[in-house]
>>> print(open('coords_2.txt').read())   # compact mmCIF, C-alpha atoms
# COMPACT_ATOMS: atom_id res chain seq x y z
CA MET A 26 4.76 5.22 27.12
CA THR A 27 7.48 7.06 25.23
CA PRO A 28 8.52 5.27 22.04
CA THR A 29 12.09 4.81 20.85
CA VAL A 30 12.46 5.72 17.17
CA ARG A 31 15.34 4.44 15.02
CA PRO A 32 15.54 5.71 11.42
CA LEU A 33 15.97 2.95 8.83
CA HIS A 34 16.75 5.11 5.78
CA ASP A 35 18.24 8.56 5.35
CA ARG A 36 14.99 9.91 3.85
CA PHE A 37 12.13 7.99 5.50
CA ALA A 38 11.08 4.81 7.40
CA ALA A 39 11.77 4.13 11.07
CA GLU A 40 11.59 1.31 13.59
CA VAL A 41 9.49 2.09 16.66
CA THR A 42 9.85 0.22 19.95
CA GLY A 43 8.55 0.81 23.47
CA LEU A 44 4.84 0.78 22.55
CA ASP A 45 2.26 -1.96 23.03
CA LEU A 46 -0.16 -1.28 20.18
CA ARG A 47 -2.93 -3.21 21.98
CA THR A 48 -3.12 -0.64 24.79
CA LEU A 49 -3.13 2.66 22.91
CA THR A 50 -5.93 5.20 22.90
CA PRO A 51 -6.44 8.14 20.51
CA ASP A 52 -4.92 10.50 23.12
CA ALA A 53 -2.31 8.08 24.50
CA GLY A 54 -0.24 6.93 21.57
CA GLY A 55 -2.58 7.20 18.59
CA ARG A 56 -1.69 10.83 17.92
CA THR A 57 1.99 9.99 18.36
CA ILE A 58 1.80 7.32 15.65
CA VAL A 59 0.04 9.66 13.23
CA ASP A 60 2.72 12.31 13.84
CA LEU A 61 5.46 9.74 13.21
CA LEU A 62 3.75 8.63 10.01
CA ASP A 63 3.65 12.23 8.82
CA ARG A 64 7.41 12.36 9.31
CA TYR A 65 8.61 8.86 8.31
CA ALA A 66 5.70 7.49 6.17
CA VAL A 67 6.70 3.88 7.03
CA LEU A 68 6.87 2.61 10.62
CA VAL A 69 8.14 -0.84 11.67
CA PHE A 70 6.90 -2.22 15.01
CA PRO A 71 8.71 -5.46 15.95
CA GLU A 72 7.22 -8.11 18.26
CA GLN A 73 3.63 -6.93 17.95
CA TRP A 74 1.63 -10.16 18.03
CA LEU A 75 -1.80 -8.66 17.46
CA LEU A 76 -4.81 -10.92 17.14
CA ASP A 77 -6.96 -10.16 14.11
CA ASP A 78 -9.63 -8.27 16.04
CA ALA A 79 -6.95 -6.23 17.86
CA GLN A 80 -5.39 -5.28 14.52
CA VAL A 81 -8.77 -4.08 13.25
CA GLU A 82 -9.35 -2.05 16.42
CA PHE A 83 -5.88 -0.54 16.17
CA ALA A 84 -6.66 0.52 12.58
CA ARG A 85 -9.84 2.24 13.77
CA LEU A 86 -7.77 4.05 16.38
CA LEU A 87 -5.87 5.84 13.62
CA GLY A 88 -9.09 7.23 12.18
CA GLY A 89 -11.19 6.79 9.09
CA PRO A 90 -13.40 3.89 7.98
CA LEU A 91 -11.85 0.61 6.88
CA HIS A 92 -11.26 -0.77 3.40
CA TYR A 93 -13.03 -4.08 2.83
CA GLY A 94 -10.88 -5.62 0.10
CA GLN A 95 -13.47 -5.59 -2.66
CA GLY A 96 -11.02 -6.46 -5.43
CA SER A 97 -10.06 -9.82 -3.92
CA LYS A 98 -13.68 -11.01 -4.19
CA VAL A 99 -12.84 -11.74 -7.83
CA VAL A 100 -10.85 -14.82 -6.78
CA GLU A 101 -11.94 -15.65 -3.21
CA SER A 102 -14.91 -18.01 -3.11
CA GLN A 103 -14.61 -18.40 0.65
CA PRO A 104 -12.34 -15.86 2.39
CA ARG A 105 -10.18 -17.12 5.24
CA PHE A 106 -11.34 -14.35 7.57
CA ALA A 107 -14.93 -13.56 8.51
CA ASP A 108 -14.07 -9.87 8.91
CA ARG A 109 -13.59 -8.54 5.37
CA ALA A 110 -11.52 -5.67 6.73
CA ILE A 111 -8.68 -8.21 7.04
CA SER A 112 -7.00 -8.78 3.68
CA ASP A 113 -5.36 -12.17 3.22
CA ILE A 114 -1.79 -11.48 2.05
CA SER A 115 -0.69 -15.10 2.02
CA ASN A 116 -0.09 -18.07 -0.27
CA LEU A 117 -2.81 -20.14 1.39
CA ALA A 118 -5.83 -21.57 -0.41
CA ASP A 119 -9.31 -21.48 1.08
CA ASP A 120 -8.73 -24.95 2.59
CA GLY A 121 -5.46 -23.94 4.28
CA THR A 122 -3.09 -25.66 1.84
CA LEU A 123 -0.44 -23.85 -0.20
CA LEU A 124 -1.74 -22.37 -3.44
CA GLU A 125 -1.01 -24.29 -6.62
CA ARG A 126 0.98 -22.47 -9.30
CA ALA A 127 -2.04 -21.85 -11.55
CA ASP A 128 -4.53 -21.01 -8.79
CA PRO A 129 -6.43 -17.81 -9.75
CA LYS A 130 -5.85 -16.41 -6.25
CA ARG A 131 -2.09 -16.71 -6.77
CA MET A 132 -2.28 -15.24 -10.27
CA TYR A 133 -4.30 -12.28 -8.99
CA ALA A 134 -1.88 -11.66 -6.11
CA LEU A 135 1.20 -11.63 -8.35
CA SER A 136 0.41 -8.04 -9.28
CA ASN A 137 1.31 -7.10 -5.69
CA ARG A 138 4.90 -7.35 -6.96
CA LEU A 139 4.21 -4.24 -9.05
CA TRP A 140 4.76 -0.85 -7.46
CA HIS A 141 1.39 0.36 -6.22
CA THR A 142 -0.49 2.23 -3.53
CA ASP A 143 -3.34 0.42 -1.79
CA ALA A 144 -6.91 1.02 -2.96
CA SER A 145 -6.06 3.91 -5.28
CA PHE A 146 -8.55 2.32 -7.70
CA GLN A 147 -11.43 3.61 -5.60
CA ASP A 148 -12.60 6.90 -4.11
CA PRO A 149 -11.87 7.38 -1.28
CA PRO A 150 -8.53 5.58 -1.68
CA GLY A 151 -6.40 4.01 1.05
CA ARG A 152 -4.73 6.11 3.72
CA TYR A 153 -2.88 3.88 6.20
CA SER A 154 -2.13 0.19 5.65
CA MET A 155 -0.89 -2.05 8.44
CA LEU A 156 0.51 -5.48 7.62
CA SER A 157 1.05 -8.08 10.34
CA ALA A 158 3.51 -10.94 9.79
CA LYS A 159 2.39 -14.25 11.29
CA VAL A 160 4.64 -16.67 9.37
CA VAL A 161 7.50 -15.66 7.07
CA PRO A 162 9.58 -17.73 4.62
CA SER A 163 13.20 -18.60 5.28
CA GLU A 164 14.33 -16.15 2.60
CA GLY A 165 12.78 -13.65 0.21
CA GLY A 166 9.31 -12.16 0.54
CA GLU A 167 10.55 -8.68 1.46
CA THR A 168 8.46 -5.56 0.92
CA GLU A 169 9.99 -2.51 -0.76
CA TYR A 170 8.73 0.99 -0.05
CA ALA A 171 9.38 4.12 -2.14
CA ASP A 172 9.19 7.61 -0.64
CA MET A 173 7.03 9.56 -3.06
CA ARG A 174 7.62 12.83 -1.21
CA ALA A 175 11.38 12.67 -1.71
CA ALA A 176 10.79 11.55 -5.30
CA TYR A 177 8.68 14.64 -5.94
CA ASP A 178 11.21 16.92 -4.27
CA ASP A 179 13.95 15.61 -6.58
CA LEU A 180 12.01 16.19 -9.80
CA GLY A 181 13.21 18.96 -12.08
CA GLU A 182 11.21 22.17 -12.09
CA ARG A 183 10.14 21.61 -15.69
CA THR A 184 8.59 18.25 -14.78
CA LYS A 185 6.91 19.71 -11.71
CA ARG A 186 5.27 22.35 -13.91
CA GLN A 187 4.28 19.70 -16.47
CA ILE A 188 2.45 17.46 -13.97
CA ALA A 189 0.88 20.15 -11.77
CA GLY A 190 -2.88 19.84 -11.97
CA LEU A 191 -2.86 16.58 -13.96
CA ARG A 192 -5.10 13.69 -12.93
CA ALA A 193 -4.88 9.97 -13.64
CA HIS A 194 -7.46 7.22 -13.77
CA HIS A 195 -6.69 4.28 -11.44
CA SER A 196 -8.12 0.82 -12.13
CA VAL A 197 -7.57 -2.57 -10.48
CA SER A 198 -8.50 -4.32 -13.73
CA HIS A 199 -5.74 -2.32 -15.48
CA SER A 200 -3.05 -3.31 -12.98
CA ARG A 201 -4.06 -6.98 -13.19
CA ALA A 202 -4.18 -6.87 -16.99
CA THR A 203 -0.54 -5.72 -17.12
CA ILE A 204 0.46 -9.20 -15.88
CA GLY A 205 -2.16 -11.02 -17.96
CA PHE A 206 -4.91 -11.49 -15.34
CA MET A 207 -7.98 -10.40 -17.25
CA PHE A 208 -11.23 -9.33 -15.63
CA THR A 209 -14.51 -10.25 -17.28
CA GLU A 210 -16.71 -7.45 -18.62
CA GLU A 211 -18.97 -7.90 -15.60
CA GLN A 212 -16.01 -7.61 -13.20
CA ARG A 213 -14.69 -4.51 -14.97
CA ALA A 214 -18.10 -2.93 -14.62
CA ALA A 215 -18.09 -3.73 -10.90
CA PHE A 216 -14.72 -1.97 -10.47
CA PRO A 217 -14.90 1.16 -12.64
CA GLY A 218 -11.90 2.83 -11.00
CA ALA A 219 -11.32 6.35 -9.73
CA GLU A 220 -9.56 9.59 -10.65
CA HIS A 221 -6.84 11.15 -8.51
CA PRO A 222 -4.28 13.95 -8.93
CA LEU A 223 -0.72 13.00 -9.89
CA VAL A 224 0.53 15.39 -7.21
CA ARG A 225 -0.89 15.68 -3.72
CA THR A 226 -0.33 18.09 -0.88
CA LEU A 227 -0.27 16.09 2.35
CA PRO A 228 -1.53 17.11 5.82
CA SER A 229 2.12 17.43 6.88
CA GLY A 230 2.57 20.18 4.28
CA ARG A 231 4.83 18.07 2.08
CA THR A 232 4.10 17.33 -1.56
CA SER A 233 3.95 13.81 -2.97
CA LEU A 234 3.62 11.98 -6.26
CA TYR A 235 0.55 9.74 -6.44
CA ILE A 236 0.97 7.09 -9.13
CA GLY A 237 1.48 3.30 -9.21
CA ALA A 238 0.43 0.20 -11.14
CA HIS A 239 -3.27 1.02 -10.85
CA ALA A 240 -2.76 4.31 -12.75
CA SER A 241 -3.96 3.47 -16.26
CA HIS A 242 -3.88 6.79 -18.10
CA VAL A 243 -3.63 10.55 -17.66
CA LEU A 244 -6.90 12.38 -18.15
CA GLY A 245 -7.00 14.77 -21.07
CA ALA A 246 -3.91 13.28 -22.74
CA PRO A 247 -3.60 10.64 -25.47
CA VAL A 248 -3.22 7.25 -23.78
CA PRO A 249 0.28 6.50 -25.16
CA GLU A 250 1.57 9.95 -24.18
CA GLY A 251 0.07 9.72 -20.69
CA ARG A 252 1.42 6.23 -20.08
CA VAL A 253 4.92 7.22 -21.11
CA LEU A 254 4.71 10.04 -18.57
CA LEU A 255 3.50 7.63 -15.87
CA TYR A 256 6.31 5.17 -16.68
CA ASP A 257 8.90 7.94 -16.53
CA LEU A 258 7.62 9.08 -13.14
CA MET A 259 7.58 5.47 -11.91
CA TRP A 260 11.18 4.93 -12.98
CA HIS A 261 12.24 8.13 -11.25
CA ALA A 262 10.37 7.40 -8.01
CA THR A 263 11.70 3.86 -7.58
CA GLN A 264 15.40 4.59 -7.82
CA SER A 265 17.34 3.02 -4.97
CA ARG A 266 17.90 6.31 -3.18
CA PHE A 267 14.14 6.54 -2.55
CA VAL A 268 13.59 2.89 -1.54
CA TYR A 269 13.61 1.10 1.82
CA THR A 270 13.51 -2.71 1.77
CA HIS A 271 11.93 -4.41 4.77
CA ALA A 272 13.05 -7.97 5.56
CA TRP A 273 10.15 -9.41 7.54
CA ARG A 274 10.39 -11.12 10.91
CA ALA A 275 7.48 -13.01 12.43
CA GLY A 276 5.69 -10.61 14.76
CA ASP A 277 6.48 -7.48 12.75
CA LEU A 278 3.69 -5.01 12.14
CA VAL A 279 4.47 -2.37 9.52
CA ILE A 280 2.30 0.70 8.94
CA TRP A 281 2.66 2.92 5.89
CA ASP A 282 0.98 6.01 4.53
CA ASN A 283 -0.36 5.24 1.05
CA ARG A 284 -0.53 8.95 0.26
CA ALA A 285 3.23 9.30 0.67
CA THR A 286 4.59 5.94 -0.53
CA MET A 287 4.39 3.15 -3.06
CA HIS A 288 5.26 -0.43 -2.20
CA ARG A 289 5.69 -3.85 -3.77
CA GLY A 290 6.24 -7.42 -2.55
CA ARG A 291 9.29 -9.44 -3.56
CA PRO A 292 9.47 -13.10 -4.64
CA TYR A 293 9.97 -16.12 -2.38
CA ASP A 294 9.53 -19.89 -2.73
CA GLU A 295 5.76 -19.61 -2.46
CA LEU A 296 5.03 -23.08 -3.84
CA ASN A 297 6.91 -24.69 -0.93
CA GLU A 298 7.11 -22.18 1.95
CA LEU A 299 4.28 -20.56 3.87
CA ARG A 300 3.98 -16.78 4.13
CA ASP A 301 1.00 -15.68 6.23
CA MET A 302 0.45 -11.90 6.37
CA ARG A 303 -2.71 -9.96 7.27
CA ARG A 304 -3.41 -6.40 6.22
CA VAL A 305 -5.92 -3.80 7.35
CA THR A 306 -6.26 -0.50 5.45
CA THR A 307 -8.06 2.70 6.41
CA LEU A 308 -9.70 4.99 3.87
CA ASP A 309 -8.68 8.58 3.24
CA VAL A 310 -12.11 10.10 3.80
CA ASP A 311 -11.23 13.46 5.34
CA ALA A 312 -7.99 14.18 3.49
CA VAL A 313 -6.98 17.73 2.75
CA ALA A 314 -4.79 16.43 -0.06
CA SER A 315 -5.35 18.20 -3.34
CA ALA A 316 -3.83 18.74 -6.74
CA VAL A 317 -1.03 21.28 -6.84
CA ALA A 318 -2.12 24.20 -8.98
>>> encode(input="coords_2.txt", output="structure tokens")
Amino acid sequence: MTPTVRPLHDRFAAEVTGLDLRTLTPDAGGRTIVDLLDRYAVLVFPEQWLLDDAQVEFARLLGGPLHYGQGSKVVESQPRFADRAISDISNLADDGTLLERADPKRMYALSNRLWHTDASFQDPPGRYSMLSAKVVPSEGGETEYADMRAAYDDLGERTKRQIAGLRAHHSVSHSRATIGFMFTEEQRAAFPGAEHPLVRTLPSGRTSLYIGAHASHVLGAPVPEGRVLLYDLMWHATQSRFVYTHAWRAGDLVIWDNRATMHRGRPYDELNELRDMRRVTTLDVDAVASAVA
């Protein structure tokens, strides 16, 4: 099968049709998708009604072990899905009803509206995420994606020299604390975080910023100074010229490269309308990404 590719933004993101993701093999389609991700970083596949197990198998097709959503264990007493590789990106409680306003699961998930990259708070971090839309609200609930490669390219040379070789600590307890969701000491100890370079060289040969809400501080710098730098980079990278906004349709499956993008969810009437999304993320175990010297 030969896919049809339609760019969705002048810098990145594309819609791909003409492929049935349930029938691909590593040699027949899998390599094509990886090549397209290297180019576009975000791929939209409409009308891909994958069952949960098929979505997991498709993720394995793209290579690397799977992320098992450890952070969500903080608020999920009984996960909706037996396979922990499937992350519940919905406003449903464990019993299938809509979450109440003060439900800890809803409070925890609100930080998904912050710009972030999946699983950067661990090592290895996330590589590809694929989100499947089962039910979408009548309005709102979009996902915004920022091209961190283009953002890096547009930095001034002085800033590029300043951040070359720097590393940041990423922590899920930090990102949650920024919206007031506080981990206990025991939970913080269970999720100590990870260190990653601010600048990465990708397998495609392009260079990308690697920041986001999980980035708590820059190693070797005073915390206030490092955070100001991270905030400045975040502001730069999320300007409209670097952002694609995806308006979800039921049946959409969107894949993005966490090494090359940040993303965030947008608000919707979550107390009254159902939004049922399911995500699987692969881990970046054999990356050649490195800090830029």
>>> closest_residue(input="coords_2.txt", among="A:Leu124, A:Ser157, A:Thr142, A:Val100", to="Val305 of chain A", atoms="all atoms listed in the file")
A:Ser157
>>> residues_around(input="coords_2.txt", residues="Gly276 of chain A", least_positions_apart="3", cutoff="7 Å", atoms="only C-alpha atoms", output="MDAnalysis selection string")
chainID A and resid 71:74 157:159
>>> closest_residue(input="coords_2.txt", among="A:Gly230, A:Gly88, A:Phe206, A:Pro162", to="Ala127 of chain A", atoms="all atoms listed in the file")
A:Phe206
>>> closest_residue(input="coords_2.txt", among="A:Leu91, A:Val67, A:Leu117, A:Ile236", to="Gly251 of chain A", atoms="all atoms listed in the file")
A:Ile236
>>> atom_distance(input="coords_2.txt", atom1="atom CA of Asp294 of chain A", atom2="atom CA of Glu167 of chain A")
12.0 Å
>>> residues_around(input="coords_2.txt", residues="segment 239-250 of chain A", least_positions_apart="3", cutoff="10 Å", atoms="all atoms listed in the file", output="PDB file with C-alpha atoms, in the coordinates of the input")
ATOM      1  CA  SER A 136       0.410  -8.040  -9.280  1.00  0.00           C
ATOM      2  CA  LEU A 139       4.210  -4.240  -9.050  1.00  0.00           C
ATOM      3  CA  TRP A 140       4.760  -0.850  -7.460  1.00  0.00           C
ATOM      4  CA  HIS A 141       1.390   0.360  -6.220  1.00  0.00           C
ATOM      5  CA  THR A 142      -0.490   2.230  -3.530  1.00  0.00           C
ATOM      6  CA  ASP A 143      -3.340   0.420  -1.790  1.00  0.00           C
ATOM      7  CA  ALA A 144      -6.910   1.020  -2.960  1.00  0.00           C
ATOM      8  CA  SER A 145      -6.060   3.910  -5.280  1.00  0.00           C
ATOM      9  CA  PHE A 146      -8.550   2.320  -7.700  1.00  0.00           C
ATOM     10  CA  ILE A 188       2.450  17.460 -13.970  1.00  0.00           C
ATOM     11  CA  LEU A 191      -2.860  16.580 -13.960  1.00  0.00           C
ATOM     12  CA  ARG A 192      -5.100  13.690 -12.930  1.00  0.00           C
ATOM     13  CA  ALA A 193      -4.880   9.970 -13.640  1.00  0.00           C
ATOM     14  CA  HIS A 194      -7.460   7.220 -13.770  1.00  0.00           C
ATOM     15  CA  HIS A 195      -6.690   4.280 -11.440  1.00  0.00           C
ATOM     16  CA  SER A 196      -8.120   0.820 -12.130  1.00  0.00           C
ATOM     17  CA  VAL A 197      -7.570  -2.570 -10.480  1.00  0.00           C
ATOM     18  CA  SER A 198      -8.500  -4.320 -13.730  1.00  0.00           C
ATOM     19  CA  HIS A 199      -5.740  -2.320 -15.480  1.00  0.00           C
ATOM     20  CA  SER A 200      -3.050  -3.310 -12.980  1.00  0.00           C
ATOM     21  CA  ARG A 201      -4.060  -6.980 -13.190  1.00  0.00           C
ATOM     22  CA  THR A 203      -0.540  -5.720 -17.120  1.00  0.00           C
ATOM     23  CA  GLY A 218     -11.900   2.830 -11.000  1.00  0.00           C
ATOM     24  CA  ALA A 219     -11.320   6.350  -9.730  1.00  0.00           C
ATOM     25  CA  GLU A 220      -9.560   9.590 -10.650  1.00  0.00           C
ATOM     26  CA  HIS A 221      -6.840  11.150  -8.510  1.00  0.00           C
ATOM     27  CA  PRO A 222      -4.280  13.950  -8.930  1.00  0.00           C
ATOM     28  CA  LEU A 223      -0.720  13.000  -9.890  1.00  0.00           C
ATOM     29  CA  TYR A 235       0.550   9.740  -6.440  1.00  0.00           C
ATOM     30  CA  ILE A 236       0.970   7.090  -9.130  1.00  0.00           C
ATOM     31  CA  VAL A 253       4.920   7.220 -21.110  1.00  0.00           C
ATOM     32  CA  LEU A 254       4.710  10.040 -18.570  1.00  0.00           C
ATOM     33  CA  LEU A 255       3.500   7.630 -15.870  1.00  0.00           C
ATOM     34  CA  TYR A 256       6.310   5.170 -16.680  1.00  0.00           C
TER      35      TYR A 256
END
>>> atom_distance(input="coords_2.txt", atom1="atom CA of Tyr133 of chain A", atom2="atom CA of Val268 of chain A")
24.6 Å
>>> closest_residue(input="coords_2.txt", among="A:Asp277, A:Asp119, A:Asp128, A:Asp63", to="Arg174 of chain A", atoms="all atoms listed in the file")
A:Asp63
>>> atom_distance(input="coords_2.txt", atom1="atom CA of Gly165 of chain A", atom2="atom CA of Met287 of chain A")
19.1 Å
>>> closest_residue(input="coords_2.txt", among="A:Gln80, A:Ser229, A:Gln212, A:Thr29", to="Leu49 of chain A", atoms="only C-alpha atoms")
A:Gln80
>>> residues_near_point(input="coords_2.txt", point="(-18.7, -9.5, -12.5)", cutoff="12 Å", atoms="all atoms listed in the file", output="list in words")
Gln95, Gly96, Lys98, Val99, Val100, Ser198, Met207, Phe208, Thr209, Glu210, Glu211, Gln212, Arg213, Ala214, Ala215, Phe216 and Pro217 of chain A
>>> closest_residue(input="coords_2.txt", among="A:Ser265, A:Ser163, A:Gln147, A:Thr48", to="Phe83 of chain A", atoms="only C-alpha atoms")
A:Thr48
>>> residues_around(input="coords_2.txt", residues="Asn283 of chain A", least_positions_apart="3", cutoff="6 Å", atoms="all atoms listed in the file", output="PyMOL selection string")
chain A and resi 142+152-153+286
>>> decode(input="coords_2.txt", residues="segment 245-256 of chain A", atoms="N, CA and C atoms", output="short mmCIF file (atom, residue, chain, number, x, y, z; two decimals), in the first residue's frame")
data_model
loop_
_atom_site.label_atom_id
_atom_site.label_comp_id
_atom_site.auth_asym_id
_atom_site.auth_seq_id
_atom_site.Cartn_x
_atom_site.Cartn_y
_atom_site.Cartn_z
N GLY A 245 23.68 22.25 37.33
CA GLY A 245 24.86 23.11 37.41
C GLY A 245 24.57 24.58 37.43
N ALA A 246 23.29 24.98 37.44
CA ALA A 246 22.92 26.40 37.48
C ALA A 246 22.04 26.65 38.69
N PRO A 247 22.07 27.85 39.27
CA PRO A 247 21.12 28.15 40.33
C PRO A 247 19.70 27.92 39.84
N VAL A 248 18.83 27.39 40.70
CA VAL A 248 17.48 27.04 40.28
C VAL A 248 16.75 28.22 39.65
N PRO A 249 16.73 29.41 40.24
CA PRO A 249 16.01 30.51 39.60
C PRO A 249 16.54 30.83 38.20
N GLU A 250 17.87 30.85 38.07
CA GLU A 250 18.46 31.17 36.76
C GLU A 250 18.10 30.11 35.73
N GLY A 251 18.19 28.83 36.13
CA GLY A 251 17.86 27.76 35.20
C GLY A 251 16.40 27.76 34.79
N ARG A 252 15.52 28.06 35.75
CA ARG A 252 14.09 28.07 35.41
C ARG A 252 13.73 29.23 34.50
N VAL A 253 14.34 30.36 34.69
CA VAL A 253 14.10 31.48 33.77
C VAL A 253 14.52 31.08 32.35
N LEU A 254 15.66 30.40 32.23
CA LEU A 254 16.09 29.93 30.92
C LEU A 254 15.07 28.96 30.33
N LEU A 255 14.59 28.02 31.13
CA LEU A 255 13.60 27.06 30.64
C LEU A 255 12.31 27.75 30.22
N TYR A 256 11.86 28.74 31.00
CA TYR A 256 10.65 29.48 30.64
C TYR A 256 10.84 30.27 29.35
#
